[in-house]
file structure.txt (compact mmCIF, C-alpha atoms)
# COMPACT_ATOMS: atom_id res chain seq x y z
CA MET L 756 0.00 0.00 0.00
CA ASN L 757 1.09 3.50 -0.71
CA HIS L 758 0.77 5.86 2.25
CA ASP L 759 3.16 8.49 0.92
CA THR L 760 0.87 10.57 -1.21
CA ARG L 761 -2.53 11.59 0.09
CA VAL L 762 -5.40 11.95 -2.29
CA SER L 763 -6.81 15.46 -2.20
CA ASP L 764 -10.52 16.27 -2.38
CA ASP L 765 -10.01 17.73 -5.86
CA GLU L 766 -8.28 14.58 -7.03
CA PHE L 767 -10.99 12.39 -5.58
CA GLN L 768 -13.67 14.46 -7.29
CA ALA L 769 -11.78 14.44 -10.59
CA TRP L 770 -11.40 10.66 -10.47
CA VAL L 771 -14.97 9.92 -9.46
CA ALA L 772 -16.92 12.34 -11.65
CA PRO L 773 -16.25 10.64 -15.02
CA LEU L 774 -17.08 7.23 -13.52
CA LEU L 775 -20.45 8.16 -12.05
CA GLU L 776 -22.76 7.17 -14.91
CA ARG L 777 -21.16 3.77 -15.36
CA ALA L 778 -20.93 3.22 -11.63
CA ALA L 779 -24.64 3.94 -11.41
CA GLY L 780 -25.36 1.53 -14.27
CA TYR L 781 -23.20 -1.08 -12.59
CA ALA L 782 -24.98 -0.63 -9.27
CA TRP L 783 -28.30 -0.83 -11.12
CA ALA L 784 -27.22 -4.11 -12.72
CA ILE L 785 -26.85 -5.57 -9.24
CA VAL L 786 -29.79 -4.05 -7.35
CA ARG L 787 -32.14 -3.63 -10.36
CA ASN L 788 -33.66 -0.39 -9.18
CA ARG L 789 -32.50 3.18 -9.81
CA GLU L 790 -33.18 4.57 -6.36
CA ASP L 791 -31.46 1.68 -4.63
CA ALA L 792 -28.58 2.01 -7.09
CA GLU L 793 -28.17 5.69 -6.14
CA ASP L 794 -28.29 4.88 -2.44
CA ALA L 795 -25.71 2.12 -2.81
CA LEU L 796 -23.51 4.36 -4.94
CA GLN L 797 -23.69 7.19 -2.40
CA GLU L 798 -22.73 4.81 0.36
CA ALA L 799 -19.85 3.56 -1.79
CA LEU L 800 -18.60 7.12 -2.32
CA VAL L 801 -18.69 7.80 1.42
CA ARG L 802 -16.82 4.57 2.14
CA ALA L 803 -14.30 5.23 -0.63
CA TYR L 804 -13.66 8.78 0.61
CA ARG L 805 -13.13 7.58 4.15
CA ALA L 806 -10.86 4.75 2.99
CA LEU L 807 -8.72 6.93 0.71
CA SER L 808 -5.70 6.60 2.98
CA ARG L 809 -5.77 2.88 2.23
CA TYR L 810 -5.95 3.35 -1.53
CA ASP L 811 -2.78 2.27 -3.31
CA ARG L 812 -2.05 4.59 -6.24
CA SER L 813 -0.34 1.80 -8.15
CA ARG L 814 -3.71 0.05 -8.43
CA SER L 815 -6.61 0.98 -10.66
CA PHE L 816 -8.85 3.51 -8.93
CA LYS L 817 -11.85 2.41 -10.96
CA GLY L 818 -11.37 -1.23 -10.02
CA TRP L 819 -10.96 -0.24 -6.36
CA LEU L 820 -14.06 1.96 -6.41
CA PHE L 821 -16.20 -0.57 -8.24
CA ALA L 822 -15.27 -3.25 -5.71
CA ILE L 823 -16.65 -0.91 -3.03
CA VAL L 824 -19.76 -0.23 -5.13
CA ARG L 825 -20.33 -3.96 -5.43
CA HIS L 826 -20.00 -4.47 -1.67
CA CYS L 827 -22.42 -1.63 -0.97
CA CYS L 828 -24.95 -3.07 -3.42
CA LEU L 829 -24.70 -6.50 -1.80
CA ASP L 830 -24.99 -4.92 1.68
CA LEU L 831 -28.10 -3.08 0.56
CA LEU L 832 -29.65 -6.26 -0.81
CA ARG L 833 -28.72 -8.07 2.39
CA ARG L 834 -30.38 -5.38 4.52
CA ARG L 835 -33.48 -5.71 2.41
CA GLY L 836 -33.33 -9.48 2.59
CA THR L 837 -33.04 -9.73 -1.17
CA ARG L 838 -30.66 -11.96 -3.05
CA PRO L 839 -28.56 -10.47 -5.88
CA VAL L 840 -30.47 -11.96 -8.76
CA PHE L 841 -30.20 -10.70 -12.30
CA VAL L 842 -33.88 -10.45 -13.14
CA ALA L 843 -35.49 -9.33 -16.34
CA MET L 844 -35.20 -5.62 -16.91
CA ASP L 845 -38.01 -3.27 -16.14
CA PRO L 846 -38.54 -1.15 -19.27
CA ALA L 847 -39.78 1.77 -17.16
CA ASP L 848 -36.56 1.66 -15.20
CA LEU L 849 -34.62 1.85 -18.41
CA SER L 850 -36.60 4.88 -19.53
CA LEU L 851 -37.79 3.16 -22.64
CA ALA L 852 -40.63 5.26 -23.88
CA THR L 853 -41.95 2.74 -26.33
CA ARG L 854 -41.57 -0.96 -26.85
CA ASP L 855 -40.74 -2.04 -30.32
CA ASN L 856 -41.04 -5.55 -31.61
CA SER L 857 -38.07 -5.50 -33.92
CA PRO L 858 -35.99 -8.68 -34.13
CA GLU L 859 -33.09 -6.77 -32.62
CA ARG L 860 -35.21 -5.75 -29.64
CA GLU L 861 -36.49 -9.28 -29.18
CA ARG L 862 -32.96 -10.65 -29.33
CA ARG L 863 -31.91 -8.26 -26.57
CA ASP L 864 -34.92 -9.17 -24.46
CA THR L 865 -33.95 -12.82 -24.77
CA LEU L 866 -30.40 -11.93 -23.92
CA GLN L 867 -31.57 -10.32 -20.69
CA TRP L 868 -33.32 -13.53 -19.82
CA ALA L 869 -30.10 -15.41 -20.62
CA LEU L 870 -28.13 -13.08 -18.32
CA ALA L 871 -30.39 -14.14 -15.47
CA GLN L 872 -29.39 -17.76 -16.02
CA LEU L 873 -25.63 -17.16 -15.70
CA SER L 874 -23.64 -18.44 -12.74
CA PRO L 875 -22.64 -15.76 -10.18
CA ALA L 876 -18.97 -15.94 -11.21
CA HIS L 877 -19.84 -15.36 -14.85
CA ARG L 878 -22.36 -12.66 -14.05
CA LYS L 879 -19.80 -10.71 -12.01
CA VAL L 880 -17.39 -10.37 -14.93
CA ILE L 881 -20.18 -9.55 -17.38
CA GLU L 882 -21.57 -6.85 -15.06
CA LEU L 883 -18.15 -5.24 -14.65
CA ARG L 884 -17.20 -5.52 -18.31
CA TYR L 885 -20.44 -4.18 -19.77
CA PHE L 886 -22.37 -2.25 -17.13
CA GLY L 887 -19.21 -0.94 -15.49
CA ASP L 888 -17.33 -0.57 -18.80
CA CYS L 889 -14.24 -1.92 -17.08
CA SER L 890 -11.00 -3.08 -18.66
CA TYR L 891 -9.53 -6.47 -17.80
CA ARG L 892 -7.16 -4.80 -15.36
CA GLU L 893 -10.01 -2.99 -13.63
CA ILE L 894 -12.08 -6.18 -13.45
CA ALA L 895 -9.07 -8.02 -12.03
CA GLU L 896 -8.67 -5.30 -9.37
CA ALA L 897 -12.35 -5.29 -8.51
CA LEU L 898 -12.63 -9.05 -8.16
CA GLY L 899 -9.14 -9.77 -6.89
CA ILE L 900 -8.30 -12.23 -9.66
CA PRO L 901 -5.50 -12.28 -12.27
CA GLU L 902 -6.10 -10.57 -15.63
CA GLY L 903 -5.67 -13.89 -17.44
CA THR L 904 -8.51 -15.31 -15.39
CA VAL L 905 -10.66 -12.33 -16.36
CA MET L 906 -10.19 -13.12 -20.06
CA SER L 907 -10.93 -16.82 -19.66
CA ARG L 908 -13.90 -16.17 -17.37
CA LEU L 909 -15.36 -13.59 -19.73
CA HIS L 910 -14.96 -15.97 -22.64
CA ALA L 911 -16.63 -18.75 -20.68
CA ALA L 912 -19.43 -16.36 -19.68
CA ARG L 913 -20.01 -15.40 -23.31
CA GLN L 914 -20.04 -19.02 -24.39
CA ALA L 915 -22.51 -19.79 -21.62
CA LEU L 916 -24.68 -16.86 -22.71
CA THR L 917 -24.62 -18.02 -26.30
CA ALA L 918 -25.53 -21.56 -25.28
CA ILE L 919 -28.39 -20.36 -23.05
CA HIS L 920 -29.52 -18.00 -25.78
CA ARG L 921 -29.73 -20.88 -28.27
CA LYS L 922 -32.02 -22.92 -26.05
CA GLU L 923 -34.14 -19.96 -24.91
CA PRO L 924 -37.79 -20.56 -24.18
CA SER L 925 -40.16 -19.26 -26.79
CA MET Q 1114 2.78 -19.51 -35.82
CA LYS Q 1115 1.64 -20.16 -32.24
CA PRO Q 1116 -1.92 -21.52 -32.23
CA ILE Q 1117 -4.49 -19.31 -30.63
CA GLU Q 1118 -6.54 -20.07 -27.54
CA HIS Q 1119 -10.26 -19.54 -27.92
CA GLN Q 1120 -10.37 -17.06 -25.06
CA GLU Q 1121 -8.09 -14.83 -27.09
CA ILE Q 1122 -11.04 -14.22 -29.41
CA SER Q 1123 -12.73 -12.55 -26.47
CA GLY Q 1124 -9.54 -10.63 -25.79
CA LEU Q 1125 -9.53 -9.41 -29.38
CA ILE Q 1126 -13.18 -8.33 -29.23
CA ASP Q 1127 -12.49 -6.44 -26.01
CA GLY Q 1128 -9.38 -4.80 -27.46
CA GLN Q 1129 -7.37 -6.14 -24.54
CA LEU Q 1130 -4.65 -8.03 -26.43
CA ALA Q 1131 -1.14 -6.77 -27.09
CA PRO Q 1132 -0.77 -5.60 -30.74
CA ALA Q 1133 1.30 -8.65 -31.74
CA ASP Q 1134 -1.18 -11.07 -30.15
CA ALA Q 1135 -4.12 -9.25 -31.69
CA GLU Q 1136 -2.57 -9.59 -35.14
CA ARG Q 1137 -1.88 -13.29 -34.59
CA VAL Q 1138 -5.50 -13.90 -33.54
CA ARG Q 1139 -6.80 -11.86 -36.51
CA GLN Q 1140 -4.75 -13.96 -38.92
CA ALA Q 1141 -5.94 -17.19 -37.33
CA ILE Q 1142 -9.56 -16.06 -37.62
CA ALA Q 1143 -9.09 -15.05 -41.24
CA GLY Q 1144 -7.74 -18.49 -42.10
CA ASP Q 1145 -10.25 -20.64 -40.23
CA GLU Q 1146 -13.96 -20.72 -40.92
CA THR Q 1147 -14.88 -22.16 -37.50
CA LEU Q 1148 -12.93 -19.47 -35.70
CA ARG Q 1149 -14.50 -16.84 -37.95
CA ALA Q 1150 -17.99 -18.05 -37.08
CA GLU Q 1151 -17.16 -18.04 -33.39
CA HIS Q 1152 -15.74 -14.54 -33.64
CA GLU Q 1153 -18.83 -13.24 -35.46
CA GLU Q 1154 -21.16 -14.79 -32.92
CA LEU Q 1155 -19.23 -13.36 -29.96
CA ALA Q 1156 -18.92 -9.95 -31.63
CA ALA Q 1157 -22.71 -9.81 -32.14
CA LEU Q 1158 -23.24 -10.81 -28.51
CA ASP Q 1159 -20.78 -8.10 -27.47
CA ASN Q 1160 -22.78 -5.48 -29.40
CA ASP Q 1161 -26.06 -6.54 -27.81
CA LEU Q 1162 -24.59 -6.51 -24.31
CA LYS Q 1163 -23.12 -3.06 -24.90
CA ALA Q 1164 -26.51 -1.80 -26.05
CA ILE Q 1165 -28.24 -3.19 -22.96
CA ALA Q 1166 -25.58 -1.75 -20.64
CA ALA Q 1167 -25.71 1.66 -22.31
CA THR Q 1168 -29.43 1.91 -21.54
CA ALA Q 1169 -28.80 1.02 -17.90
CA ALA Q 1170 -26.24 3.80 -17.32
CA PHE Q 1171 -27.65 7.01 -15.85
CA GLN Q 1172 -26.50 10.19 -14.15
CA PRO Q 1173 -27.04 9.61 -10.43
CA HIS Q 1174 -27.94 12.32 -7.91
CA VAL Q 1175 -25.16 11.80 -5.43
CA SER Q 1176 -22.80 13.95 -3.43
CA LEU Q 1177 -19.17 13.50 -4.45
CA LEU Q 1178 -17.59 15.13 -1.41
CA PRO Q 1179 -18.52 15.91 2.16
CA SER Q 1180 -19.64 19.51 2.75
CA PRO Q 1181 -18.54 21.61 5.68
CA ALA Q 1182 -21.23 21.57 8.33
CA GLY Q 1183 -21.80 22.94 11.80
CA PHE Q 1184 -22.37 26.32 13.40
CA PRO Q 1185 -21.16 28.91 10.86
CA PHE Q 1186 -20.60 31.66 13.42
CA SER Q 1187 -18.42 29.62 15.79
CA THR Q 1188 -15.27 31.70 15.54
CA PRO Q 1189 -16.83 35.17 15.89
CA ALA Q 1190 -19.05 33.88 18.69
CA LEU Q 1191 -16.05 32.53 20.57
CA ILE Q 1192 -14.11 35.78 20.22
CA ALA Q 1193 -17.12 37.76 21.44
CA ALA Q 1194 -17.58 35.37 24.36
CA VAL Q 1195 -13.96 35.73 25.47
CA LEU Q 1196 -14.19 39.52 25.30
CA VAL Q 1197 -17.42 39.60 27.30
CA LEU Q 1198 -15.93 37.25 29.88
CA ARG Q 1199 -12.86 39.43 30.38
CA LEU Q 1200 -15.00 42.55 30.55
CA ALA Q 1201 -17.37 40.98 33.08
CA LEU Q 1202 -14.55 39.89 35.36
CA LYS Q 1203 -12.86 43.30 35.13
CA THR Q 1204 -15.81 45.59 35.60
CA MET Q 1205 -18.08 43.56 37.85
CA PRO Q 1206 -16.07 41.64 40.46
CA THR Q 1207 -19.29 40.97 42.32
CA ALA Q 1208 -21.85 38.16 42.52
CA SER Q 1209 -23.62 39.41 39.39
CA GLY Q 1210 -20.27 39.55 37.62
CA CYS Q 1211 -19.64 35.90 38.57
CA VAL Q 1212 -23.05 34.87 37.26
CA ILE Q 1213 -22.38 36.63 33.99
CA ALA Q 1214 -18.91 35.08 33.85
CA ALA Q 1215 -20.35 31.60 34.48
CA GLY Q 1216 -22.93 32.14 31.74
CA VAL Q 1217 -20.33 33.34 29.31
CA LEU Q 1218 -18.07 30.41 30.25
CA ALA Q 1219 -20.90 27.97 29.53
CA LEU Q 1220 -21.45 29.72 26.21
CA LEU Q 1221 -17.73 29.46 25.51
CA ILE Q 1222 -17.70 25.71 26.14
CA TRP Q 1223 -20.80 25.24 24.00
CA GLY Q 1224 -19.17 27.28 21.21
CA MET Q 1225 -16.00 25.21 21.36
CA VAL Q 1226 -17.96 21.98 21.12
CA ARG Q 1227 -19.74 23.36 18.06
CA LEU Q 1228 -16.44 24.44 16.58
CA VAL Q 1229 -14.96 20.96 16.97
CA LYS Q 1230 -18.07 19.47 15.38
CA ALA Q 1231 -17.77 21.91 12.50
CA GLN Q 1232 -14.38 20.45 11.72
CA GLU Q 1233 -15.98 17.09 11.19
CA ARG Q 1234 -17.37 17.32 7.70
CA GLU Q 1235 -20.68 15.80 6.96
CA TRP Q 1236 -22.12 14.31 3.84
CA LEU Q 1237 -25.23 15.84 2.39
CA ILE Q 1238 -26.83 12.69 1.17
CA PRO Q 1239 -29.95 12.59 -0.96
CA SER Q 1240 -31.30 9.31 0.30
CA HIS Q 1241 -34.28 7.58 -1.25
CA SER Q 1242 -34.80 5.04 1.45
CA ASP Q 1243 -34.03 4.75 5.11
CA GLY Q 1244 -30.55 6.23 5.04
CA ALA Q 1245 -29.85 4.14 8.12
CA ALA Q 1246 -26.45 3.13 6.81
CA PHE Q 1247 -25.15 6.62 7.45

call {"tool": "encode", "arguments": {"input": "structure.txt", "output": "structure tokens"}}
result
Amino acid sequence: MNHDTRVSDDEFQAWVAPLLERAAGYAWAIVRNREDAEDALQEALVRAYRALSRYDRSRSFKGWLFAIVRHCCLDLLRRRGTRPVFVAMDPADLSLATRDNSPERERRDTLQWALAQLSPAHRKVIELRYFGDCSYREIAEALGIPEGTVMSRLHAARQALTAIHRKEPS
Amino acid sequence: MKPIEHQEISGLIDGQLAPADAERVRQAIAGDETLRAEHEELAALDNDLKAIAATAAFQPHVSLLPSPAGFPFSTPALIAAVLVLRLALKTMPTASGCVIAAGVLALLIWGMVRLVKAQEREWLIPSHSDGAAF
């Protein structure tokens, strides 16, 4: 850990601000509700700010922050007595004004169903990669696994998604 | 040429391979129909997942930093209290002067407590639910 250089408020703000939208989307992917996602994200920011002295500058800040976001989301679900389940998306939550029946839209709806069938380990990497828009390094930091494992796990998750997608219920 | 591992197709799609490895995987895909089909399928999946994730992202209403909180007039109030205390002890060395001094002293202690609390910054949190965590 690096205790030499303290992170200033300005630095913290500059690091966090560009990550907010994706962090919110990532939190939403776990808690499946915008208000809960905001609450979990706010708690994560408080925890991150208070734990800044423990942040090691040689590590990815985004990976570090998203690990905290994940913990806060799981804590929130635990307090509510809810399990972290990837359920089908609520169109209202996604601000979708209209529902179209295009093949593309249907394929994505089916894909959301397929996401719900993934194992927790696969879902974690998918959530960080897509909802968090994280690089392999950031995913590795957030989950505490090697980058090589991130690549193999993501590949396995995609293969699992494709397989589930193929045998989707009509 | 070193054979590719299937997971490297994912690495290529994610743009996470070193340039030399990316080129090697690209060449392998170009020369193998099975690999090409796998790459196309995973690339399409990648696009769909990106589209779903993009719709989920939103600008949250959160506070990035703690804001200073507490009694905003702590310092002037303390200075005034000290002055009044000194004046009371000087000009009224009687029972009434002691009462005033005691009152001012209590005010001084209260002001100092508020001042210490003001140093502890608080988060202005827009909570949607219970907010019990804070």

call {"tool": "atom_distance", "arguments": {"input": "structure.txt", "atom1": "atom CA of Q:Arg1139", "atom2": "atom CA of Q:Glu1118"}}
result
12.2 Å

call {"tool": "residues_around", "arguments": {"input": "structure.txt", "residues": "stretch 883-888 of chain L", "least_positions_apart": "3", "cutoff": "8 Å", "atoms": "only C-alpha atoms", "output": "MDAnalysis selection string"}}
result
(chainID L and resid 777:778 780:781 784 821 879:880 891 894) or (chainID Q and resid 1162:1163 1166:1167 1169:1170)

call {"tool": "write_last_selection", "arguments": {"input": "structure.txt", "atoms": "C-alpha atoms", "output": "mmCIF file, in the frame of the given file"}}
result
data_model
loop_
_atom_site.group_PDB
_atom_site.id
_atom_site.type_symbol
_atom_site.label_atom_id
_atom_site.label_comp_id
_atom_site.auth_asym_id
_atom_site.auth_seq_id
_atom_site.Cartn_x
_atom_site.Cartn_y
_atom_site.Cartn_z
ATOM 1 C CA ARG L 777 -21.160 3.770 -15.360
ATOM 2 C CA ALA L 778 -20.930 3.220 -11.630
ATOM 3 C CA GLY L 780 -25.360 1.530 -14.270
ATOM 4 C CA TYR L 781 -23.200 -1.080 -12.590
ATOM 5 C CA ALA L 784 -27.220 -4.110 -12.720
ATOM 6 C CA PHE L 821 -16.200 -0.570 -8.240
ATOM 7 C CA LYS L 879 -19.800 -10.710 -12.010
ATOM 8 C CA VAL L 880 -17.390 -10.370 -14.930
ATOM 9 C CA TYR L 891 -9.530 -6.470 -17.800
ATOM 10 C CA ILE L 894 -12.080 -6.180 -13.450
ATOM 11 C CA LEU Q 1162 -24.590 -6.510 -24.310
ATOM 12 C CA LYS Q 1163 -23.120 -3.060 -24.900
ATOM 13 C CA ALA Q 1166 -25.580 -1.750 -20.640
ATOM 14 C CA ALA Q 1167 -25.710 1.660 -22.310
ATOM 15 C CA ALA Q 1169 -28.800 1.020 -17.900
ATOM 16 C CA ALA Q 1170 -26.240 3.800 -17.320
#

call {"tool": "atom_distance", "arguments": {"input": "structure.txt", "atom1": "atom CA of Q:Leu1198", "atom2": "atom CA of Q:Ala1214"}}
result
5.4 Å

call {"tool": "closest_residue", "arguments": {"input": "structure.txt", "among": "L:Gly836, L:His920, L:His877, L:Cys828", "to": "L:Asp864", "atoms": "only C-alpha atoms"}}
result
L:His920

call {"tool": "atom_distance", "arguments": {"input": "structure.txt", "atom1": "atom CA of L:Ala869", "atom2": "atom CA of L:Thr917"}}
result
8.3 Å

call {"tool": "interface_residues", "arguments": {"input": "structure.txt", "of": "chain L", "to": "chain Q", "cutoff": "9 Å", "atoms": "all atoms listed in the file", "output": "ChimeraX atom specification"}}
result
/L:764,767-768,771-772,775-781,783-784,789-794,796-798,800-801,804,831,848-851,859,862-863,866-867,881-882,885-888,890-891,906-911,913-914,916-917

call {"tool": "closest_residue", "arguments": {"input": "structure.txt", "among": "Q:Cys1211, Q:Ala1157, Q:Val1217, Q:Leu1148", "to": "Q:Leu1196", "atoms": "all atoms listed in the file"}}
result
Q:Val1217

call {"tool": "decode", "arguments": {"input": "structure.txt", "residues": "stretch 767-868 of chain L", "atoms": "C-alpha atoms", "output": "PDB file, in the first residue's frame"}}
result
ATOM      1  CA  PHE L 767     -10.991  12.386  -5.576  1.00  0.00           C
ATOM      2  CA  GLN L 768     -13.666  14.465  -7.286  1.00  0.00           C
ATOM      3  CA  ALA L 769     -11.782  14.438 -10.591  1.00  0.00           C
ATOM      4  CA  TRP L 770     -11.402  10.664 -10.474  1.00  0.00           C
ATOM      5  CA  VAL L 771     -14.965   9.917  -9.463  1.00  0.00           C
ATOM      6  CA  ALA L 772     -16.916  12.344 -11.647  1.00  0.00           C
ATOM      7  CA  PRO L 773     -16.252  10.639 -15.016  1.00  0.00           C
ATOM      8  CA  LEU L 774     -17.078   7.231 -13.518  1.00  0.00           C
ATOM      9  CA  LEU L 775     -20.447   8.160 -12.052  1.00  0.00           C
ATOM     10  CA  GLU L 776     -22.756   7.167 -14.909  1.00  0.00           C
ATOM     11  CA  ARG L 777     -21.165   3.771 -15.358  1.00  0.00           C
ATOM     12  CA  ALA L 778     -20.925   3.224 -11.628  1.00  0.00           C
ATOM     13  CA  ALA L 779     -24.645   3.941 -11.408  1.00  0.00           C
ATOM     14  CA  GLY L 780     -25.356   1.529 -14.266  1.00  0.00           C
ATOM     15  CA  TYR L 781     -23.195  -1.080 -12.592  1.00  0.00           C
ATOM     16  CA  ALA L 782     -24.984  -0.625  -9.275  1.00  0.00           C
ATOM     17  CA  TRP L 783     -28.298  -0.832 -11.117  1.00  0.00           C
ATOM     18  CA  ALA L 784     -27.223  -4.114 -12.721  1.00  0.00           C
ATOM     19  CA  ILE L 785     -26.851  -5.570  -9.236  1.00  0.00           C
ATOM     20  CA  VAL L 786     -29.789  -4.045  -7.352  1.00  0.00           C
ATOM     21  CA  ARG L 787     -32.137  -3.635 -10.361  1.00  0.00           C
ATOM     22  CA  ASN L 788     -33.655  -0.385  -9.178  1.00  0.00           C
ATOM     23  CA  ARG L 789     -32.496   3.177  -9.814  1.00  0.00           C
ATOM     24  CA  GLU L 790     -33.182   4.566  -6.360  1.00  0.00           C
ATOM     25  CA  ASP L 791     -31.456   1.678  -4.632  1.00  0.00           C
ATOM     26  CA  ALA L 792     -28.580   2.008  -7.094  1.00  0.00           C
ATOM     27  CA  GLU L 793     -28.175   5.688  -6.143  1.00  0.00           C
ATOM     28  CA  ASP L 794     -28.291   4.879  -2.438  1.00  0.00           C
ATOM     29  CA  ALA L 795     -25.708   2.118  -2.812  1.00  0.00           C
ATOM     30  CA  LEU L 796     -23.510   4.357  -4.942  1.00  0.00           C
ATOM     31  CA  GLN L 797     -23.693   7.188  -2.405  1.00  0.00           C
ATOM     32  CA  GLU L 798     -22.735   4.809   0.363  1.00  0.00           C
ATOM     33  CA  ALA L 799     -19.851   3.560  -1.786  1.00  0.00           C
ATOM     34  CA  LEU L 800     -18.604   7.124  -2.321  1.00  0.00           C
ATOM     35  CA  VAL L 801     -18.694   7.798   1.421  1.00  0.00           C
ATOM     36  CA  ARG L 802     -16.823   4.568   2.137  1.00  0.00           C
ATOM     37  CA  ALA L 803     -14.300   5.234  -0.629  1.00  0.00           C
ATOM     38  CA  TYR L 804     -13.661   8.781   0.610  1.00  0.00           C
ATOM     39  CA  ARG L 805     -13.134   7.578   4.153  1.00  0.00           C
ATOM     40  CA  ALA L 806     -10.863   4.750   2.988  1.00  0.00           C
ATOM     41  CA  LEU L 807      -8.715   6.926   0.705  1.00  0.00           C
ATOM     42  CA  SER L 808      -5.702   6.598   2.983  1.00  0.00           C
ATOM     43  CA  ARG L 809      -5.773   2.878   2.231  1.00  0.00           C
ATOM     44  CA  TYR L 810      -5.947   3.349  -1.530  1.00  0.00           C
ATOM     45  CA  ASP L 811      -2.782   2.272  -3.312  1.00  0.00           C
ATOM     46  CA  ARG L 812      -2.047   4.590  -6.237  1.00  0.00           C
ATOM     47  CA  SER L 813      -0.345   1.798  -8.152  1.00  0.00           C
ATOM     48  CA  ARG L 814      -3.706   0.055  -8.430  1.00  0.00           C
ATOM     49  CA  SER L 815      -6.610   0.976 -10.662  1.00  0.00           C
ATOM     50  CA  PHE L 816      -8.849   3.507  -8.927  1.00  0.00           C
ATOM     51  CA  LYS L 817     -11.853   2.414 -10.958  1.00  0.00           C
ATOM     52  CA  GLY L 818     -11.366  -1.229 -10.020  1.00  0.00           C
ATOM     53  CA  TRP L 819     -10.959  -0.242  -6.364  1.00  0.00           C
ATOM     54  CA  LEU L 820     -14.058   1.961  -6.411  1.00  0.00           C
ATOM     55  CA  PHE L 821     -16.200  -0.573  -8.241  1.00  0.00           C
ATOM     56  CA  ALA L 822     -15.270  -3.248  -5.707  1.00  0.00           C
ATOM     57  CA  ILE L 823     -16.651  -0.909  -3.035  1.00  0.00           C
ATOM     58  CA  VAL L 824     -19.759  -0.233  -5.128  1.00  0.00           C
ATOM     59  CA  ARG L 825     -20.326  -3.965  -5.428  1.00  0.00           C
ATOM     60  CA  HIS L 826     -20.000  -4.470  -1.670  1.00  0.00           C
ATOM     61  CA  CYS L 827     -22.421  -1.635  -0.965  1.00  0.00           C
ATOM     62  CA  CYS L 828     -24.954  -3.072  -3.416  1.00  0.00           C
ATOM     63  CA  LEU L 829     -24.702  -6.501  -1.796  1.00  0.00           C
ATOM     64  CA  ASP L 830     -24.994  -4.925   1.678  1.00  0.00           C
ATOM     65  CA  LEU L 831     -28.104  -3.078   0.565  1.00  0.00           C
ATOM     66  CA  LEU L 832     -29.649  -6.256  -0.807  1.00  0.00           C
ATOM     67  CA  ARG L 833     -28.722  -8.073   2.388  1.00  0.00           C
ATOM     68  CA  ARG L 834     -30.385  -5.378   4.516  1.00  0.00           C
ATOM     69  CA  ARG L 835     -33.485  -5.706   2.407  1.00  0.00           C
ATOM     70  CA  GLY L 836     -33.332  -9.477   2.589  1.00  0.00           C
ATOM     71  CA  THR L 837     -33.044  -9.733  -1.170  1.00  0.00           C
ATOM     72  CA  ARG L 838     -30.660 -11.956  -3.053  1.00  0.00           C
ATOM     73  CA  PRO L 839     -28.558 -10.473  -5.884  1.00  0.00           C
ATOM     74  CA  VAL L 840     -30.469 -11.956  -8.759  1.00  0.00           C
ATOM     75  CA  PHE L 841     -30.197 -10.701 -12.304  1.00  0.00           C
ATOM     76  CA  VAL L 842     -33.884 -10.447 -13.136  1.00  0.00           C
ATOM     77  CA  ALA L 843     -35.494  -9.332 -16.344  1.00  0.00           C
ATOM     78  CA  MET L 844     -35.198  -5.617 -16.907  1.00  0.00           C
ATOM     79  CA  ASP L 845     -38.008  -3.266 -16.143  1.00  0.00           C
ATOM     80  CA  PRO L 846     -38.539  -1.152 -19.269  1.00  0.00           C
ATOM     81  CA  ALA L 847     -39.780   1.774 -17.163  1.00  0.00           C
ATOM     82  CA  ASP L 848     -36.559   1.656 -15.199  1.00  0.00           C
ATOM     83  CA  LEU L 849     -34.622   1.846 -18.410  1.00  0.00           C
ATOM     84  CA  SER L 850     -36.600   4.876 -19.534  1.00  0.00           C
ATOM     85  CA  LEU L 851     -37.791   3.164 -22.637  1.00  0.00           C
ATOM     86  CA  ALA L 852     -40.632   5.261 -23.878  1.00  0.00           C
ATOM     87  CA  THR L 853     -41.954   2.739 -26.334  1.00  0.00           C
ATOM     88  CA  ARG L 854     -41.567  -0.957 -26.850  1.00  0.00           C
ATOM     89  CA  ASP L 855     -40.742  -2.038 -30.319  1.00  0.00           C
ATOM     90  CA  ASN L 856     -41.045  -5.552 -31.612  1.00  0.00           C
ATOM     91  CA  SER L 857     -38.066  -5.499 -33.921  1.00  0.00           C
ATOM     92  CA  PRO L 858     -35.993  -8.679 -34.131  1.00  0.00           C
ATOM     93  CA  GLU L 859     -33.093  -6.765 -32.622  1.00  0.00           C
ATOM     94  CA  ARG L 860     -35.206  -5.748 -29.641  1.00  0.00           C
ATOM     95  CA  GLU L 861     -36.491  -9.284 -29.183  1.00  0.00           C
ATOM     96  CA  ARG L 862     -32.959 -10.655 -29.334  1.00  0.00           C
ATOM     97  CA  ARG L 863     -31.909  -8.262 -26.572  1.00  0.00           C
ATOM     98  CA  ASP L 864     -34.918  -9.174 -24.458  1.00  0.00           C
ATOM     99  CA  THR L 865     -33.949 -12.821 -24.771  1.00  0.00           C
ATOM    100  CA  LEU L 866     -30.398 -11.931 -23.919  1.00  0.00           C
ATOM    101  CA  GLN L 867     -31.565 -10.319 -20.693  1.00  0.00           C
ATOM    102  CA  TRP L 868     -33.319 -13.530 -19.818  1.00  0.00           C
TER     103      TRP L 868
END
